[in-house]
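Structure record follows, encoded as structure tokens.
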Amino acid sequence: MPLEIIFITGVEAEDYASFDLVAFGPLYDEVEEREGLSRVDLMALHKPTRDIVGTLEKALAQELKAVGYNALNTVASKHSRDIEGWRVVRHAFSQRFPKLSSSSIAACVNGTT
């Protein structure tokens, strides 16, 4: 657990014997190294996908909180949300967090939650 989450929420990692990590993906292909491309070039190729994933992480954290789950992190992202991507992510995580299946997709996509 990142230290900043512990300090912000008051959660003490030592108080827990274990935790469940719930993950889904990969959502997109990894940007692979190519002959003649520098690290800067590769990062330029990576950033659009990184930004999309960031908005999906933000939407997930917001929706988990909105339907009553405790999400420890707050994701900052100013990029446009991908409605189709959110549908996929919401469906995947609603298997483990069933209250997500009733959440408002429109509110999340419009950034109102």
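Starting from 1 in every chain, residues are counted up; chains themselves are A, B, ... following the order of the structure tokens, and ligands are numbered from 1 as listed.
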(message) as a PyMOL selection string, please: every residue in segment 3-107 of chain A that a backbone DSSP assignment puts in helix (DSSP H, G or I).
(response) chain A and resi 3-9+13-15+39-66+83-94+98-102+105-107
(request) Quick one: everything within 9 Å of Gln62 of chain A, counting only C-alpha atoms, minus sequence neighbours fewer than 2 positions away in the same chain. Send it as a ChimeraX atom specification. (result) /A:57-60,64-67,71,74-75,108,113
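Among the candidates A:Val53, A:Leu21, A:Val31, A:Pro48, the residue lying nearest to Val88 of chain A is A:Val53 (atoms considered: only C-alpha atoms).
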(request) Using atom CA of Glu14 of chain A and atom CA of Ala61 of chain A as the two end points, give the distance in Å to one decimal. (result)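 Spanning atom CA of Glu14 of chain A to atom CA of Ala61 of chain A is a straight-line distance of 23.7 Å.
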(request) For segment 100-102 of chain A, please output as a list in words all residues within 8 Å (counting only C-alpha atoms; exclusion window: fewer than 4 positions along the same chain). (result)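 In the requested format, the answer is Glu63, Leu64, Val67, Arg90, His91, Phe93 and Ser94 of chain A.
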Write to file, as a short mmCIF file (atom, residue, chain, number, x, y, z; two decimals), in the first residue's frame, the residues of the selection just made, with N, CA and C atoms.
data_model
loop_
_atom_site.label_atom_id
_atom_site.label_comp_id
_atom_site.auth_asym_id
_atom_site.auth_seq_id
_atom_site.Cartn_x
_atom_site.Cartn_y
_atom_site.Cartn_z
N GLU A 63 -17.02 5.73 -9.12
CA GLU A 63 -18.22 4.91 -9.09
C GLU A 63 -18.23 3.95 -7.90
N LEU A 64 -17.07 3.38 -7.55
CA LEU A 64 -17.01 2.53 -6.37
C LEU A 64 -17.45 3.31 -5.13
N VAL A 67 -21.36 4.18 -5.10
CA VAL A 67 -22.31 3.11 -4.78
C VAL A 67 -22.03 2.47 -3.43
N ARG A 90 -16.45 -1.38 -16.19
CA ARG A 90 -17.55 -1.51 -15.22
C ARG A 90 -18.07 -2.95 -15.19
N HIS A 91 -18.24 -3.54 -16.35
CA HIS A 91 -18.72 -4.93 -16.40
C HIS A 91 -17.72 -5.87 -15.72
N PHE A 93 -15.44 -5.25 -13.38
CA PHE A 93 -15.36 -5.05 -11.94
C PHE A 93 -16.68 -5.32 -11.23
N SER A 94 -17.79 -5.25 -11.95
CA SER A 94 -19.08 -5.53 -11.30
C SER A 94 -19.22 -7.01 -10.95
#
(message) Report as a list of chain:residue names all protein, DNA and RNA residues lying within 10 Å of Thr55 of chain A, evaluated on only C-alpha atoms, omitting residues in the same chain fewer than 5 positions from it.
(response)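 Using only C-alpha atoms, the neighbours found are A:Arg50, A:Leu60, A:Ala61, A:Val75, A:Ala76, A:Ser77, A:Lys78, A:His79, A:Ser80, A:Arg81, A:Asp82, A:Gly85, A:Trp86, A:Val109, A:Gly111.
What separates atom CA of Asp29 of chain A from atom CA of Phe97 of chain A is a distance of 25.8 Å.
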(message) Would you compute the distance between atom CA of Tyr16 of chain A and atom CA of Leu72 of chain A? Give it in Å to one decimal.
(response)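 It comes out at 14.4 Å.
When only C-alpha atoms are used to compute distances to Asp51 of chain A, the closest of the residues A:Arg96, A:Tyr28, A:Tyr69, A:Arg34 turns out to be A:Tyr28.
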